[in-house]
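Data block below; observations after.
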Amino acid sequence: MDETSVRLSKRMVELGLCSRREADACIEQGLVKVDGKVVNTLGARVLPEQEITLAGMPQALATLPVTMLLNRPADEDAPPAQWLGPDSRSPQDASEQVWLARHRQHLTAFGAIDELCHGLVVLTQDKKLPRHLAECEMEFLLQVALAPAPDELKKRVATLRLDGKPLRQCKISRQSDHQLRCAVYAPRAGFFDEISRQLGVDLQGARCIRIGRLALSGLQPGEWRYLQPFERF
């Protein structure tokens, strides 16, 4: 390391380009160029003779906790947060939010997070939102080898138990020979495996299509977008 090099953020302050806090935000948002090349790595170092320019000032929205909607692909084992990135952002995303790598951090996930699940996932940094999401109805389509007839399914649903107690706040109906609809609140890990076992059906996958009032529509598998300020679960 050259002993004359200094942290990029410090050099920006020395040059009077911005405050220290603004410097880190500008770097993180890709607004800083060193000798004509974008540098977006916090902690980067520069030499005194290098030219530093700003493409603009940092966006205020970047300082706020974010919430994202993801269409988790089927047959993929990667954790939901790993699908987040600028290349997989939906072209239909109308949000003005700037993508930052730290938006992958400190996330709480709801929806299609179980091993057999795909479809809608909500990932949020908002510490208040998880409590609300736990009270939102989530809708799943369960793919099964063969669904019971409607009357038989009704009888089996009535006998469902979790931890020895009758299953409440859960509605299960037949959609076709190979699909069931399940509306439930905050299903825990292993929930779909357990109810499938008790129902006597061979579960092949579960697709989350709705959480509260927000549906999966518009997102292709593997795509994500930011939650809009006006949207409510």
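Chain identifiers are assigned as A, B, and so on, following the order in which chains appear in the structure tokens; residues are numbered from 1 within each chain, and ligands are numbered from 1 in order of appearance.
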Counting only C-alpha atoms, which residues of range 122-189 of chain A sit at most 9 Å from some atom of range 85-105 of chain A, and what is each one's closest atom pair with its distance in Å to one decimal, listed by chain and rising residue number, as JSON lines?
```
{"residue": "A:Leu123", "atom": "CA", "partner": "A:Arg104", "partner_atom": "CA", "distance": 8.9}
{"residue": "A:Thr124", "atom": "CA", "partner": "A:His103", "partner_atom": "CA", "distance": 8.9}
{"residue": "A:Gln125", "atom": "CA", "partner": "A:Gln105", "partner_atom": "CA", "distance": 7.8}
```
| task | Would you list, as a PyMOL selection string, the residues of range 41-215 of chain A that end up in strand (DSSP E) under DSSP run on this structure's backbone? | result | chain A and resi 45-46+52-54+67-72+108-111+117-124+137-144+161-162+165-166+170-176+179-185+203-211+214-215
| said: Neighbouring residues of Trp83 in chain A were defined as those with any atom within 8 Å, considering only C-alpha atoms; residues of the same chain fewer than 6 positions away were excluded. Please report them as a list in words. | reply: Leu70, Arg72, Gly222, Glu223 and Trp224 of chain A
Those same residues, written as a CSV table (one decimal), in the first residue's frame with C-alpha atoms?
```csv
chain,number,residue,atom,x,y,z
A,70,LEU,CA,-39.2,-11.4,-4.6
A,72,ARG,CA,-38.5,-17.0,-5.6
A,222,GLY,CA,-36.0,-14.7,-10.0
A,223,GLU,CA,-37.1,-11.1,-10.2
A,224,TRP,CA,-37.6,-8.7,-7.3
```
| said: Report as a ChimeraX atom specification all protein, DNA and RNA residues lying within 7 Å of Glu139 in chain A, evaluated on only C-alpha atoms, omitting residues in the same chain fewer than 5 positions from it. | reply: /A:182-184,208-211
Residue subset to file, keeping C-alpha atoms, as a compact mmCIF listing (two decimals), in the first residue's frame:
```txt
# COMPACT_ATOMS: atom_id res chain seq x y z
CA CYS A 182 -54.20 -23.01 1.42
CA ALA A 183 -54.82 -19.67 3.18
CA VAL A 184 -52.88 -19.46 6.43
CA CYS A 208 -47.02 -18.37 -2.38
CA ILE A 209 -49.18 -16.07 -4.50
CA ARG A 210 -50.38 -13.49 -1.96
CA ILE A 211 -49.39 -11.92 1.36
```
| Atomic separation - CA of Val122 in chain A relative to CA of Thr67 in chain A, Å |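 So the two atoms, CA of Thr67 in chain A and CA of Val122 in chain A, lie 7.1 Å apart.
Non-sequential neighbours of Leu133 in chain A (distance at most 9 Å, separation of 4 or more positions within a chain, only C-alpha atoms) are Phe110, Leu129, Glu137, Tyr185, Ala186, Ile211, Gly212 and Phe233 of chain A.
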Could you take the residues named above and write them with N, CA and C atoms, as an mmCIF file, in the first residue's frame?
```
data_model
loop_
_atom_site.group_PDB
_atom_site.id
_atom_site.type_symbol
_atom_site.label_atom_id
_atom_site.label_comp_id
_atom_site.auth_asym_id
_atom_site.auth_seq_id
_atom_site.Cartn_x
_atom_site.Cartn_y
_atom_site.Cartn_z
ATOM 1 N N PHE A 110 -40.628 -13.357 4.868
ATOM 2 C CA PHE A 110 -41.959 -13.958 5.036
ATOM 3 C C PHE A 110 -42.427 -14.474 3.687
ATOM 4 N N LEU A 129 -42.338 -4.002 10.593
ATOM 5 C CA LEU A 129 -43.180 -4.721 9.637
ATOM 6 C C LEU A 129 -43.391 -6.199 9.966
ATOM 7 N N GLU A 137 -52.880 -12.722 6.247
ATOM 8 C CA GLU A 137 -53.168 -14.010 5.618
ATOM 9 C C GLU A 137 -52.270 -14.202 4.408
ATOM 10 N N TYR A 185 -51.969 -18.112 8.229
ATOM 11 C CA TYR A 185 -51.242 -16.985 8.817
ATOM 12 C C TYR A 185 -49.865 -17.449 9.293
ATOM 13 N N ALA A 186 -48.811 -16.831 8.747
ATOM 14 C CA ALA A 186 -47.422 -17.063 9.168
ATOM 15 C C ALA A 186 -47.106 -18.535 9.411
ATOM 16 N N ILE A 211 -49.617 -12.202 -0.061
ATOM 17 C CA ILE A 211 -49.389 -11.921 1.356
ATOM 18 C C ILE A 211 -50.199 -10.675 1.694
ATOM 19 N N GLY A 212 -51.197 -10.847 2.534
ATOM 20 C CA GLY A 212 -52.092 -9.719 2.816
ATOM 21 C C GLY A 212 -52.807 -9.297 1.554
ATOM 22 N N PHE A 233 -49.837 -3.976 3.081
ATOM 23 C CA PHE A 233 -50.166 -5.392 3.182
ATOM 24 C C PHE A 233 -51.543 -5.579 3.824
#
```
| DSSP alpha helix (DSSP H) residues within range 13-225 of chain A, as an MDAnalysis selection string | chainID A and resid 13:14 20:28 129:133 150:158 191:199
Output as a Markdown table one row per residue of range 30-144 of chain A within 12 Å of range 196-206 of chain A: the closest atom pair and its distance in Å to one decimal place, counting only C-alpha atoms, sorted by chain and residue number ascending.
```
| residue | atom | partner | partner_atom | distance |
| --- | --- | --- | --- | --- |
| A:Arg72 | CA | A:Ala206 | CA | 11.3 |
| A:Pro73 | CA | A:Ala206 | CA | 11.3 |
| A:Ala74 | CA | A:Gly205 | CA | 8.2 |
| A:Asp75 | CA | A:Gly205 | CA | 9.0 |
| A:Glu76 | CA | A:Gly205 | CA | 11.8 |
| A:Gly111 | CA | A:Ala206 | CA | 10.4 |
| A:Ala112 | CA | A:Ala206 | CA | 7.9 |
| A:Ile113 | CA | A:Ala206 | CA | 10.2 |
| A:Asp114 | CA | A:Ala206 | CA | 8.8 |
| A:Glu115 | CA | A:Gly205 | CA | 9.0 |
| A:Leu116 | CA | A:Gly205 | CA | 5.2 |
| A:Cys117 | CA | A:Ala206 | CA | 4.6 |
| A:His118 | CA | A:Ala206 | CA | 6.3 |
| A:Gly119 | CA | A:Ala206 | CA | 8.2 |
| A:Leu120 | CA | A:Ala206 | CA | 10.6 |
| A:Met138 | CA | A:Ala206 | CA | 11.8 |
| A:Glu139 | CA | A:Ala206 | CA | 9.9 |
| A:Phe140 | CA | A:Ala206 | CA | 6.2 |
| A:Leu141 | CA | A:Ala206 | CA | 5.6 |
| A:Leu142 | CA | A:Ala206 | CA | 4.5 |
| A:Gln143 | CA | A:Gly205 | CA | 5.2 |
| A:Val144 | CA | A:Leu203 | CA | 4.6 |
```
N, CA and C atoms of the current selection, written as a PDB file, in the first residue's frame:
```pdb
ATOM      1  N   ARG A  72     -39.470 -16.001  -5.784  1.00  0.00           N
ATOM      2  CA  ARG A  72     -38.453 -17.031  -5.611  1.00  0.00           C
ATOM      3  C   ARG A  72     -38.707 -18.171  -6.592  1.00  0.00           C
ATOM      4  N   PRO A  73     -37.714 -18.520  -7.397  1.00  0.00           N
ATOM      5  CA  PRO A  73     -37.918 -19.582  -8.393  1.00  0.00           C
ATOM      6  C   PRO A  73     -38.103 -20.951  -7.742  1.00  0.00           C
ATOM      7  N   ALA A  74     -38.773 -21.822  -8.460  1.00  0.00           N
ATOM      8  CA  ALA A  74     -38.936 -23.197  -7.995  1.00  0.00           C
ATOM      9  C   ALA A  74     -37.641 -23.971  -8.212  1.00  0.00           C
ATOM     10  N   ASP A  75     -37.449 -25.026  -7.417  1.00  0.00           N
ATOM     11  CA  ASP A  75     -36.296 -25.922  -7.564  1.00  0.00           C
ATOM     12  C   ASP A  75     -34.970 -25.197  -7.416  1.00  0.00           C
ATOM     13  N   GLU A  76     -34.933 -24.162  -6.571  1.00  0.00           N
ATOM     14  CA  GLU A  76     -33.691 -23.443  -6.287  1.00  0.00           C
ATOM     15  C   GLU A  76     -33.473 -23.434  -4.781  1.00  0.00           C
ATOM     16  N   GLY A 111     -43.264 -15.502   3.722  1.00  0.00           N
ATOM     17  CA  GLY A 111     -43.839 -16.033   2.497  1.00  0.00           C
ATOM     18  C   GLY A 111     -43.214 -17.354   2.100  1.00  0.00           C
ATOM     19  N   ALA A 112     -42.695 -17.422   0.878  1.00  0.00           N
ATOM     20  CA  ALA A 112     -42.147 -18.673   0.340  1.00  0.00           C
ATOM     21  C   ALA A 112     -40.731 -18.908   0.845  1.00  0.00           C
ATOM     22  N   ILE A 113     -40.591 -19.214   2.121  1.00  0.00           N
ATOM     23  CA  ILE A 113     -39.263 -19.385   2.708  1.00  0.00           C
ATOM     24  C   ILE A 113     -38.975 -20.829   3.100  1.00  0.00           C
ATOM     25  N   ASP A 114     -39.990 -21.678   3.117  1.00  0.00           N
ATOM     26  CA  ASP A 114     -39.775 -23.082   3.461  1.00  0.00           C
ATOM     27  C   ASP A 114     -39.079 -23.797   2.302  1.00  0.00           C
ATOM     28  N   GLU A 115     -38.522 -24.957   2.588  1.00  0.00           N
ATOM     29  CA  GLU A 115     -37.705 -25.684   1.612  1.00  0.00           C
ATOM     30  C   GLU A 115     -38.464 -26.005   0.332  1.00  0.00           C
ATOM     31  N   LEU A 116     -39.720 -26.402   0.434  1.00  0.00           N
ATOM     32  CA  LEU A 116     -40.496 -26.796  -0.745  1.00  0.00           C
ATOM     33  C   LEU A 116     -41.223 -25.624  -1.403  1.00  0.00           C
ATOM     34  N   CYS A 117     -41.041 -24.415  -0.860  1.00  0.00           N
ATOM     35  CA  CYS A 117     -41.828 -23.272  -1.324  1.00  0.00           C
ATOM     36  C   CYS A 117     -41.114 -22.453  -2.400  1.00  0.00           C
ATOM     37  N   HIS A 118     -41.913 -21.849  -3.251  1.00  0.00           N
ATOM     38  CA  HIS A 118     -41.435 -20.833  -4.191  1.00  0.00           C
ATOM     39  C   HIS A 118     -42.527 -19.791  -4.327  1.00  0.00           C
ATOM     40  N   GLY A 119     -42.262 -18.765  -5.118  1.00  0.00           N
ATOM     41  CA  GLY A 119     -43.247 -17.704  -5.259  1.00  0.00           C
ATOM     42  C   GLY A 119     -42.901 -16.484  -4.425  1.00  0.00           C
ATOM     43  N   LEU A 120     -43.911 -15.823  -3.901  1.00  0.00           N
ATOM     44  CA  LEU A 120     -43.749 -14.520  -3.269  1.00  0.00           C
ATOM     45  C   LEU A 120     -43.016 -14.593  -1.928  1.00  0.00           C
ATOM     46  N   MET A 138     -51.707 -15.400   4.280  1.00  0.00           N
ATOM     47  CA  MET A 138     -50.863 -15.732   3.142  1.00  0.00           C
ATOM     48  C   MET A 138     -51.536 -16.844   2.346  1.00  0.00           C
ATOM     49  N   GLU A 139     -51.524 -16.711   1.055  1.00  0.00           N
ATOM     50  CA  GLU A 139     -52.195 -17.684   0.188  1.00  0.00           C
ATOM     51  C   GLU A 139     -51.170 -18.502  -0.594  1.00  0.00           C
ATOM     52  N   PHE A 140     -51.310 -19.819  -0.513  1.00  0.00           N
ATOM     53  CA  PHE A 140     -50.406 -20.749  -1.196  1.00  0.00           C
ATOM     54  C   PHE A 140     -51.207 -21.694  -2.087  1.00  0.00           C
ATOM     55  N   LEU A 141     -50.607 -22.063  -3.210  1.00  0.00           N
ATOM     56  CA  LEU A 141     -51.134 -23.123  -4.064  1.00  0.00           C
ATOM     57  C   LEU A 141     -50.235 -24.329  -3.882  1.00  0.00           C
ATOM     58  N   LEU A 142     -50.816 -25.444  -3.440  1.00  0.00           N
ATOM     59  CA  LEU A 142     -50.054 -26.653  -3.160  1.00  0.00           C
ATOM     60  C   LEU A 142     -50.186 -27.628  -4.321  1.00  0.00           C
ATOM     61  N   GLN A 143     -49.061 -27.978  -4.911  1.00  0.00           N
ATOM     62  CA  GLN A 143     -49.061 -28.964  -5.989  1.00  0.00           C
ATOM     63  C   GLN A 143     -48.939 -30.357  -5.372  1.00  0.00           C
ATOM     64  N   VAL A 144     -49.893 -31.223  -5.678  1.00  0.00           N
ATOM     65  CA  VAL A 144     -49.911 -32.568  -5.097  1.00  0.00           C
ATOM     66  C   VAL A 144     -50.064 -33.610  -6.205  1.00  0.00           C
TER      67      VAL A 144
END
```
| field | Point-to-point distance in Å for CA of Leu180 in chain A and CA of Val121 in chain A | value |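 The value is 19.6 Å.
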| message | With only C-alpha atoms as the counted atoms, please give the residues lying no more than 8 Å from Ala55 in chain A, apart from itself and same-chain residues fewer than 5 positions off, as a ChimeraX atom specification. | response | /A:31-33
Residues from last step as file, all heavy atoms, as a PDB file, in the first residue's frame:
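That gives us selection.pdb:
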```
ATOM      1  N   LEU A  31     -21.778   7.238  -7.100  1.00  0.00           N
ATOM      2  CA  LEU A  31     -21.756   8.603  -7.622  1.00  0.00           C
ATOM      3  C   LEU A  31     -20.355   9.188  -7.710  1.00  0.00           C
ATOM      4  O   LEU A  31     -20.187  10.328  -8.146  1.00  0.00           O
ATOM      5  CB  LEU A  31     -22.620   9.512  -6.732  1.00  0.00           C
ATOM      6  CG  LEU A  31     -24.099   9.129  -6.603  1.00  0.00           C
ATOM      7  CD1 LEU A  31     -24.792  10.033  -5.596  1.00  0.00           C
ATOM      8  CD2 LEU A  31     -24.790   9.210  -7.948  1.00  0.00           C
ATOM      9  N   VAL A  32     -19.355   8.441  -7.294  1.00  0.00           N
ATOM     10  CA  VAL A  32     -17.988   8.956  -7.224  1.00  0.00           C
ATOM     11  C   VAL A  32     -17.118   8.319  -8.318  1.00  0.00           C
ATOM     12  O   VAL A  32     -17.117   7.098  -8.497  1.00  0.00           O
ATOM     13  CB  VAL A  32     -17.350   8.675  -5.843  1.00  0.00           C
ATOM     14  CG1 VAL A  32     -15.952   9.271  -5.767  1.00  0.00           C
ATOM     15  CG2 VAL A  32     -18.229   9.230  -4.736  1.00  0.00           C
ATOM     16  N   LYS A  33     -16.372   9.165  -9.020  1.00  0.00           N
ATOM     17  CA  LYS A  33     -15.418   8.690 -10.013  1.00  0.00           C
ATOM     18  C   LYS A  33     -14.013   9.106  -9.610  1.00  0.00           C
ATOM     19  O   LYS A  33     -13.794  10.241  -9.170  1.00  0.00           O
ATOM     20  CB  LYS A  33     -15.741   9.250 -11.401  1.00  0.00           C
ATOM     21  CG  LYS A  33     -16.998   8.669 -12.028  1.00  0.00           C
ATOM     22  CD  LYS A  33     -17.187   9.172 -13.460  1.00  0.00           C
ATOM     23  CE  LYS A  33     -18.408   8.529 -14.104  1.00  0.00           C
ATOM     24  NZ  LYS A  33     -18.588   9.000 -15.507  1.00  0.00           N
TER      25      LYS A  33
END
```
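With only C-alpha atoms as the basis for measurement, A:Asn71 is the residue among A:Gln29, A:Asn71, A:Ser9, A:Thr41 that approaches Ala215 in chain A most closely.
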| field | Nearest to Lys128 in chain A, chosen from A:Leu153, A:Leu167, A:Val66, A:Val38, with only C-alpha atoms counted in the distances | value | A:Val66
| note | Restricting to only C-alpha atoms, whichever of A:Leu214, A:Leu8, A:Ile172, A:Leu162 is closest to Arg45 in chain A is A:Leu8
| Pairwise distance for CA of Asp35 in chain A and CA of Gln50 in chain A, rounded to one decimal in Å |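 Straight-line distance from CA of Asp35 in chain A to CA of Gln50 in chain A works out to 6.1 Å.
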| Residue nearest Leu64 in chain A among A:Asp151, A:Arg156, A:Leu84, A:Pro229 (counting only C-alpha atoms) | A:Pro229
